$ cat data-v8.cif   # mmCIF, C-alpha atoms
data_structure
#
loop_
_atom_site.label_atom_id
_atom_site.label_comp_id
_atom_site.auth_asym_id
_atom_site.auth_seq_id
_atom_site.Cartn_x
_atom_site.Cartn_y
_atom_site.Cartn_z
CA MET T 276 0.00 0.00 0.00
CA GLN T 277 1.37 3.38 -1.03
CA PRO T 278 1.90 5.84 1.85
CA ILE T 279 -0.53 8.75 2.09
CA ALA T 280 0.78 12.10 0.86
CA GLN T 281 0.47 14.27 3.94
CA LYS T 282 -0.49 17.90 3.65
CA ILE T 283 -0.95 20.24 6.61
CA LEU T 284 -2.62 23.61 6.93
CA VAL T 285 -0.69 26.00 9.19
CA VAL T 286 -2.82 28.84 10.50
CA GLY T 287 -0.41 31.71 11.04
CA GLY T 288 2.53 30.36 9.04
CA ASN T 289 4.08 33.83 8.86
CA GLY T 290 4.68 33.92 12.61
CA PHE T 291 7.63 32.89 14.77
CA VAL T 292 6.30 29.40 15.60
CA GLY T 293 4.24 29.01 12.43
CA SER T 294 7.19 29.58 10.11
CA ALA T 295 9.25 27.00 12.04
CA VAL T 296 6.41 24.49 11.67
CA CYS T 297 6.23 25.14 7.91
CA ARG T 298 9.99 24.69 7.51
CA THR T 299 10.11 21.53 9.63
CA ALA T 300 7.09 19.96 7.93
CA LEU T 301 8.67 20.45 4.51
CA ALA T 302 11.88 18.84 5.76
CA ARG T 303 9.81 15.83 6.89
CA GLY T 304 8.34 15.43 3.40
CA MET T 305 4.95 16.99 4.10
CA GLN T 306 3.18 19.40 1.79
CA VAL T 307 2.34 22.69 3.47
CA VAL T 308 -0.34 25.29 2.93
CA SER T 309 -0.65 28.35 5.15
CA ILE T 310 -3.11 31.16 5.72
CA ARG T 311 -2.51 34.56 7.20
CA ARG T 312 -4.32 37.87 6.96
CA SER T 313 -1.68 39.47 4.76
CA GLY T 314 -1.14 36.37 2.63
CA ARG T 315 2.51 37.38 2.25
CA PRO T 316 5.22 34.68 2.39
CA TRP T 317 7.46 34.58 5.45
CA GLN T 318 10.69 36.58 5.59
CA THR T 319 13.54 36.66 8.10
CA PRO T 320 13.77 39.68 10.45
CA LYS T 321 16.32 41.12 7.98
CA GLY T 322 13.93 40.75 5.05
CA HIS T 323 15.45 37.65 3.44
CA THR T 324 13.34 34.92 1.83
CA PRO T 325 14.83 31.42 2.31
CA ALA T 326 14.44 28.82 -0.45
CA TRP T 327 11.93 26.73 1.53
CA VAL T 328 9.39 29.57 1.53
CA SER T 329 8.61 29.05 -2.17
CA LYS T 330 7.54 25.46 -1.42
CA VAL T 331 4.67 26.60 0.81
CA GLU T 332 1.24 27.46 -0.62
CA TRP T 333 0.55 30.90 0.86
CA HIS T 334 -3.06 32.06 1.03
CA LYS T 335 -4.70 35.20 2.33
CA GLY T 336 -7.29 34.34 4.94
CA SER T 337 -8.62 35.05 8.41
CA ALA T 338 -9.13 32.34 11.02
CA LEU T 339 -12.37 34.05 12.05
CA GLU T 340 -13.70 33.97 8.47
CA PRO T 341 -14.14 30.32 7.41
CA GLU T 342 -15.13 31.29 3.88
CA THR T 343 -11.53 32.39 3.28
CA TYR T 344 -10.02 28.95 3.92
CA GLU T 345 -12.72 26.25 4.13
CA HIS T 346 -12.04 25.24 0.51
CA LEU T 347 -8.51 24.21 1.57
CA LEU T 348 -9.57 21.87 4.39
CA PRO T 349 -10.74 18.79 2.45
CA GLY T 350 -7.28 18.52 0.90
CA VAL T 351 -5.28 18.51 4.13
CA THR T 352 -4.54 15.68 6.55
CA ALA T 353 -3.98 17.96 9.56
CA VAL T 354 -4.47 21.51 10.79
CA VAL T 355 -2.00 23.37 13.02
CA HIS T 356 -3.15 26.52 14.80
CA THR T 357 -0.22 28.78 15.77
CA ILE T 358 -1.96 32.12 16.35
CA GLY T 359 -1.62 33.60 19.83
CA THR T 360 -0.69 36.65 21.85
CA LEU T 361 1.03 37.07 25.23
CA PHE T 362 -0.32 40.59 25.67
CA GLU T 363 -3.53 42.18 24.46
CA LYS T 364 -3.20 45.00 21.93
CA SER T 365 0.57 45.18 22.29
CA GLY T 366 3.33 45.75 19.75
CA TYR T 367 5.71 43.39 21.53
CA LYS T 368 5.95 40.99 18.58
CA SER T 369 7.35 43.56 16.15
CA ALA T 370 9.76 44.78 18.85
CA LEU T 371 10.96 41.19 19.39
CA LYS T 372 11.38 40.68 15.67
CA ASP T 373 13.37 43.91 15.32
CA GLY T 374 15.45 43.27 18.45
CA ASN T 375 14.41 46.65 19.85
CA VAL T 376 14.80 46.30 23.63
CA PRO T 377 13.35 49.70 24.73
CA ARG T 378 10.29 49.27 22.50
CA PHE T 379 9.85 45.68 23.70
CA VAL T 380 9.92 46.78 27.35
CA SER T 381 7.44 49.59 26.75
CA SER T 382 5.18 47.26 24.71
CA VAL T 383 5.17 44.68 27.50
CA ALA T 384 4.39 47.37 30.09
CA ALA T 385 1.56 48.67 27.91
CA GLY T 386 0.30 45.13 27.38
CA ILE T 387 0.21 44.40 31.11
CA ALA T 388 -1.54 47.70 31.83
CA GLY T 389 -4.03 47.17 29.01
CA SER T 390 -4.93 43.62 30.04
CA GLY T 391 -6.46 44.51 33.39
CA PRO T 392 -10.21 44.27 34.02
CA SER T 393 -12.36 47.24 33.09
CA ALA T 394 -15.35 48.47 35.04
CA ASN T 395 -16.91 49.89 31.87
CA PRO T 396 -19.04 47.27 30.04
CA LEU T 397 -18.47 49.05 26.71
CA GLU T 398 -14.70 48.90 27.22
CA ARG T 399 -14.94 45.19 28.05
CA GLU T 400 -16.87 44.54 24.84
CA GLU T 401 -14.35 46.59 22.85
CA LYS T 402 -11.44 44.56 24.26
CA LYS T 403 -13.29 41.36 23.34
CA ARG T 404 -13.41 42.42 19.72
CA GLU T 405 -9.95 43.86 19.17
CA GLY T 406 -6.90 41.70 19.77
CA SER T 407 -8.10 40.31 23.08
CA TYR T 408 -6.99 37.04 24.61
CA GLU T 409 -10.48 35.67 24.04
CA VAL T 410 -10.45 36.41 20.32
CA VAL T 411 -6.79 35.72 19.45
CA ASN T 412 -5.97 32.78 21.72
CA ARG T 413 -9.35 31.08 21.91
CA ASP T 414 -11.94 32.11 19.34
CA THR T 415 -9.68 31.87 16.28
CA ALA T 416 -8.83 28.26 17.21
CA LEU T 417 -12.44 27.31 17.90
CA ARG T 418 -13.61 28.75 14.59
CA VAL T 419 -10.94 26.91 12.59
CA CYS T 420 -11.54 23.64 14.46
CA GLU T 421 -15.30 23.90 14.02
CA THR T 422 -14.84 24.43 10.28
CA PHE T 423 -12.31 21.59 10.03
CA LEU T 424 -14.70 19.12 11.68
CA LYS T 425 -17.33 19.82 9.03
CA THR T 426 -15.07 18.67 6.19
CA LYS T 427 -14.32 15.27 4.72
CA PRO T 428 -10.89 14.44 3.25
CA THR T 429 -10.55 14.13 -0.50
CA VAL T 430 -8.68 10.83 -0.06
CA GLU T 431 -9.63 7.93 2.19
CA LEU T 432 -7.77 7.97 5.50
CA ASN T 433 -7.67 5.12 7.99
CA ALA T 434 -6.72 7.33 10.91
CA PRO T 435 -8.16 10.42 12.62
CA ARG T 436 -7.08 13.79 11.25
CA PRO T 437 -5.27 15.84 13.92
CA PHE T 438 -6.02 19.38 14.99
CA VAL T 439 -2.87 20.67 16.69
CA TYR T 440 -3.19 23.70 18.94
CA ILE T 441 -0.19 25.66 20.24
CA SER T 442 -0.99 26.20 23.91
CA ALA T 443 1.47 26.90 26.73
CA GLU T 444 2.83 25.72 30.06
CA ASP T 445 1.30 27.58 32.98
CA CYS T 446 4.53 29.34 33.97
CA THR T 447 4.00 32.93 32.84
CA ARG T 448 1.80 34.32 35.63
CA PRO T 449 1.87 36.95 37.06
CA LEU T 450 4.30 38.66 34.62
CA VAL T 451 1.88 37.82 31.84
CA PRO T 452 -1.76 38.44 32.83
CA ALA T 453 -3.72 35.32 33.79
CA GLY T 454 -6.05 35.90 30.84
CA TYR T 455 -3.34 34.52 28.57
CA ILE T 456 -3.15 31.03 30.07
CA ARG T 457 -6.86 31.02 30.97
CA THR T 458 -7.90 31.45 27.32
CA LYS T 459 -5.32 28.85 26.24
CA ARG T 460 -6.87 26.32 28.65
CA GLU T 461 -10.37 27.31 27.58
CA ALA T 462 -9.43 26.65 23.96
CA GLU T 463 -7.95 23.24 24.83
CA MET T 464 -11.04 22.17 26.73
CA LEU T 465 -13.53 23.40 24.16
CA ILE T 466 -11.59 21.86 21.26
CA GLU T 467 -11.44 18.55 23.14
CA ASN T 468 -15.18 18.74 23.68
CA MET T 469 -15.60 19.15 19.91
CA VAL T 470 -13.38 16.26 18.85
CA HIS T 471 -14.33 13.88 21.67
CA ASP T 472 -17.27 12.35 19.78
CA GLU T 473 -15.63 12.63 16.35
CA PRO T 474 -13.71 9.40 15.60
CA ASP T 475 -12.27 10.93 12.43
CA PHE T 476 -10.46 13.67 14.34
CA ARG T 477 -8.12 14.04 17.31
CA GLY T 478 -6.92 17.03 19.31
CA VAL T 479 -3.29 17.64 20.33
CA TYR T 480 -2.30 20.52 22.60
CA ILE T 481 1.38 21.49 22.52
CA ARG T 482 2.39 23.34 25.69
CA PRO T 483 5.82 24.97 25.33
CA SER T 484 7.48 27.10 27.98
CA LEU T 485 9.55 30.12 26.91
CA ILE T 486 10.28 29.64 23.20
CA TYR T 487 13.61 31.00 21.97
CA HIS T 488 15.81 31.29 18.90
CA PRO T 489 19.21 33.02 19.16
CA HIS T 490 18.96 34.67 15.72
CA PHE T 491 15.25 35.37 15.24
CA ARG T 492 14.56 36.34 18.90
CA PRO T 493 17.93 37.52 20.32
CA ILE T 494 16.23 39.58 23.06
CA VAL T 495 14.86 36.39 24.62
CA SER T 496 18.17 34.47 24.62
CA PRO T 497 19.60 35.85 27.93
CA VAL T 498 16.34 35.07 29.75
CA ALA T 499 16.27 31.59 28.18
CA ALA T 500 19.84 30.96 29.33
CA LEU T 501 19.01 31.95 32.92
CA LEU T 502 15.86 29.80 33.00
CA ASP T 503 17.75 26.85 31.55
CA LEU T 504 20.39 27.24 34.27
CA SER T 505 17.68 27.45 36.92
CA ALA T 506 15.98 24.29 35.62
CA THR T 507 19.32 22.43 35.62
CA ILE T 508 20.15 23.51 39.18
CA HIS T 509 16.69 22.53 40.45
CA ALA T 510 16.89 19.15 38.69
CA LYS T 511 20.21 18.37 40.41
CA ALA T 512 19.19 19.58 43.87
CA PRO T 513 18.92 16.82 46.52
CA ALA T 514 15.45 15.59 47.39
CA GLY T 515 13.95 17.69 50.17
CA PHE T 516 16.36 20.58 49.62
CA PRO T 517 14.54 23.94 50.01
CA THR T 518 14.99 25.22 46.47
CA PRO T 519 13.46 28.55 45.43
CA SER T 520 10.79 26.60 43.54
CA ALA T 521 9.92 24.50 46.60
CA VAL T 522 9.66 27.63 48.77
CA LEU T 523 7.37 29.33 46.24
CA HIS T 524 5.15 26.24 46.04
CA ALA T 525 4.92 26.19 49.84
CA LEU T 526 3.94 29.86 49.93
CA GLY T 527 1.52 29.38 47.05
CA SER T 528 -0.28 26.58 48.87
CA VAL T 529 -1.65 29.06 51.42
CA LEU T 530 -2.82 31.61 48.84
CA PRO T 531 -6.24 31.65 47.13
CA ARG T 532 -6.46 29.34 44.12
CA GLY T 533 -7.56 30.36 40.64
CA ARG T 534 -11.30 30.67 40.12
CA SER T 535 -11.58 30.37 36.35
CA SER T 536 -13.48 27.26 35.28
CA ILE T 537 -15.60 25.74 32.52
CA ASN T 538 -18.40 23.34 33.47
CA GLY T 539 -16.85 22.99 36.91
CA ASP T 540 -13.37 22.14 35.59
CA GLN T 541 -10.72 24.34 37.18
CA LEU T 542 -8.55 26.04 34.54
CA LEU T 543 -6.09 27.77 36.89
CA PRO T 544 -5.84 25.36 39.83
CA ASP T 545 -3.14 27.19 41.77
CA SER T 546 -1.64 30.61 42.50
CA GLY T 547 0.71 32.90 40.62
CA LEU T 548 3.54 31.84 42.98
CA ASP T 549 3.10 28.25 41.81
CA ALA T 550 3.37 29.47 38.21
CA ILE T 551 6.64 31.26 39.05
CA ALA T 552 7.89 28.09 40.71
CA ARG T 553 7.23 26.15 37.51
CA ALA T 554 9.07 28.80 35.49
CA LEU T 555 12.17 28.07 37.58
CA THR T 556 12.02 24.31 36.93
CA ILE T 557 10.71 23.97 33.35
CA PRO T 558 13.49 24.62 30.82
CA PRO T 559 12.92 26.94 27.85
CA VAL T 560 12.48 25.28 24.47
CA HIS T 561 14.00 26.05 21.07
CA VAL T 562 11.41 26.93 18.44
CA ASP T 563 12.71 24.14 16.18
CA HIS T 564 12.02 21.58 18.91
CA VAL T 565 8.47 22.93 19.25
CA ALA T 566 8.04 22.62 15.49
CA GLU T 567 9.37 19.07 15.52
CA ALA T 568 6.88 18.05 18.21
CA VAL T 569 4.07 19.73 16.28
CA CYS T 570 4.94 17.88 13.08
CA ILE T 571 5.01 14.51 14.85
CA ALA T 572 1.63 15.35 16.38
CA ALA T 573 0.30 16.34 12.94
CA ASP T 574 1.49 13.08 11.36
CA ILE T 575 -1.54 11.06 10.21
CA THR T 576 0.37 7.85 11.03
CA ARG T 577 0.60 8.76 14.75
CA PRO T 578 -2.96 8.31 16.05
CA ASP T 579 -1.47 7.59 19.48
CA VAL T 580 -0.48 11.25 19.86
CA ARG T 581 -3.39 13.12 21.40
CA GLY T 582 -4.16 15.36 24.35
CA PRO T 583 -1.78 17.82 26.10
CA TYR T 584 2.01 17.71 25.73
CA GLY T 585 4.08 19.81 28.13
CA VAL T 586 7.81 20.38 27.69
CA ALA T 587 8.78 17.04 29.27
CA GLU T 588 6.33 15.15 27.06
CA MET T 589 7.43 17.11 23.99
CA ARG T 590 11.06 16.17 24.63
CA GLU T 591 10.08 12.53 24.92
CA LEU T 592 8.01 12.77 21.75
CA ILE T 593 10.91 14.08 19.67
CA GLY T 594 13.44 11.75 21.30
CA TRP T 595 15.34 14.64 22.91
CA HIS T 596 16.55 12.54 25.85
CA GLN T 597 17.82 9.78 23.57
CA LYS T 598 19.66 12.35 21.45
CA GLY T 599 21.30 13.76 24.57
CA GLN T 600 22.35 10.28 25.71
CA GLN T 601 23.81 9.49 22.29
CA GLN T 602 25.84 12.73 22.34
CA THR T 603 27.06 11.96 25.86
CA GLY T 604 28.07 8.45 24.80
CA ALA T 605 29.94 9.82 21.78
CA HIS T 606 32.01 12.04 24.08
CA ALA T 607 32.76 9.28 26.60
#

$ encode --input "data-v8.cif" --output "structure tokens"
Amino acid sequence: MQPIAQKILVVGGNGFVGSAVCRTALARGMQVVSIRRSGRPWQTPKGHTPAWVSKVEWHKGSALEPETYEHLLPGVTAVVHTIGTLFEKSGYKSALKDGNVPRFVSSVAAGIAGSGPSANPLEREEKKREGSYEVVNRDTALRVCETFLKTKPTVELNAPRPFVYISAEDCTRPLVPAGYIRTKREAEMLIENMVHDEPDFRGVYIRPSLIYHPHFRPIVSPVAALLDLSATIHAKAPAGFPTPSAVLHALGSVLPRGRSSINGDQLLPDSGLDAIARALTIPPVHVDHVAEAVCIAADITRPDVRGPYGVAEMRELIGWHQKGQQQTGAHA
């Protein structure tokens, strides 16, 4: 039997994570189609267009407007949703791309200030419509997933088609407003509710920590290095040793827990101190490793891959530990 030609749709292929997914999928022999509002092919921060970009089918489309992409869905074996924002209505992404530290700091500050609750109902409705966590992180994914579930593949498949959602580890609070991770968890739960009774589909939720790349996101590299060092130190600490993470967890246990829930399921089960504690123990992840995990999840021949994958599970999925052992053995 001839292997199925796999083709994935990447929603947001022009972004930091989306472009890495496109590049990695092509390297794995997949065909790639991508939609983004501008429809323009991806370029490096310096304006260069790598050779792989011409191998992607670029289409102009909006995740919230199914009529702009629903004709593409019958021809794909998987959908990957990479759209998301850390801060509402903030220009932090362009500052990161340009490597502009002052603008990045001011954008983050503005994003934190602009993400707080508003007493004015009209302001709350306005935030819902324009670049809010609810729209960007949750509603775009739900709309694409809902549209995907209505389609039938043009070729017969003997395995469920995956919908892969880029979520996140809960290790950004309180620096990043809780609305970020809350809407990520809401999206996961609501997508899972959609695919639960659909045997022809499966949901996969990739939960990276801090994502870095030394060339495309140089501003993030020093922070990534410090977090990686922290995770290494915590991993090597003796059992029972009062590490900073352990102290924060102990303090967090006496603070009020998160209240956000859907149908009684707690979305933020612990405090912001617990989230900080996780940030000290979960290592950052290279964007190429995220993309590799996504592509394995999107593989039609891997029906066993479903549900949430944190950093530890992602590393296991891509064989990161085995690679490290092989390198260690080569140096022995």

$ residues_around --input "data-v8.cif" --residues "Thr422 in chain T" --least-positions-apart "5" --cutoff "9 Å" --atoms "all atoms listed in the file" --output "PyMOL selection string"
chain T and resi 341+345+348+417

$ write_last_selection --input "data-v8.cif" --atoms "C-alpha atoms" --output "compact mmCIF listing (two decimals), in the coordinates of the input"
# COMPACT_ATOMS: atom_id res chain seq x y z
CA PRO T 341 -14.14 30.32 7.41
CA GLU T 345 -12.72 26.25 4.13
CA LEU T 348 -9.57 21.87 4.39
CA LEU T 417 -12.44 27.31 17.90

$ closest_residue --input "data-v8.cif" --among "T:Leu284, T:Leu530, T:Ala416, T:Met589" --to "His561 in chain T" --atoms "only C-alpha atoms"
T:Met589

$ closest_residue --input "data-v8.cif" --among "T:Pro483, T:Pro349, T:Pro452, T:Gly314" --to "His334 in chain T" --atoms "only C-alpha atoms"
T:Gly314

$ closest_residue --input "data-v8.cif" --among "T:Val562, T:Ile481, T:Ile283, T:Leu339" --to "Val411 in chain T" --atoms "all atoms listed in the file"
T:Leu339

$ closest_residue --input "data-v8.cif" --among "T:Leu592, T:Ile310, T:Leu371, T:Val560" --to "Gly293 in chain T" --atoms "all atoms listed in the file"
T:Ile310

$ closest_residue --input "data-v8.cif" --among "T:Glu342, T:Asp503, T:Glu409, T:Glu588" --to "Arg482 in chain T" --atoms "all atoms listed in the file"
T:Glu588

$ atom_distance --input "data-v8.cif" --atom1 "CA of Asp475 in chain T" --atom2 "CA of Leu424 in chain T"
8.6 Å

$ atom_distance --input "data-v8.cif" --atom1 "CA of Glu461 in chain T" --atom2 "CA of Ser369 in chain T"
26.6 Å
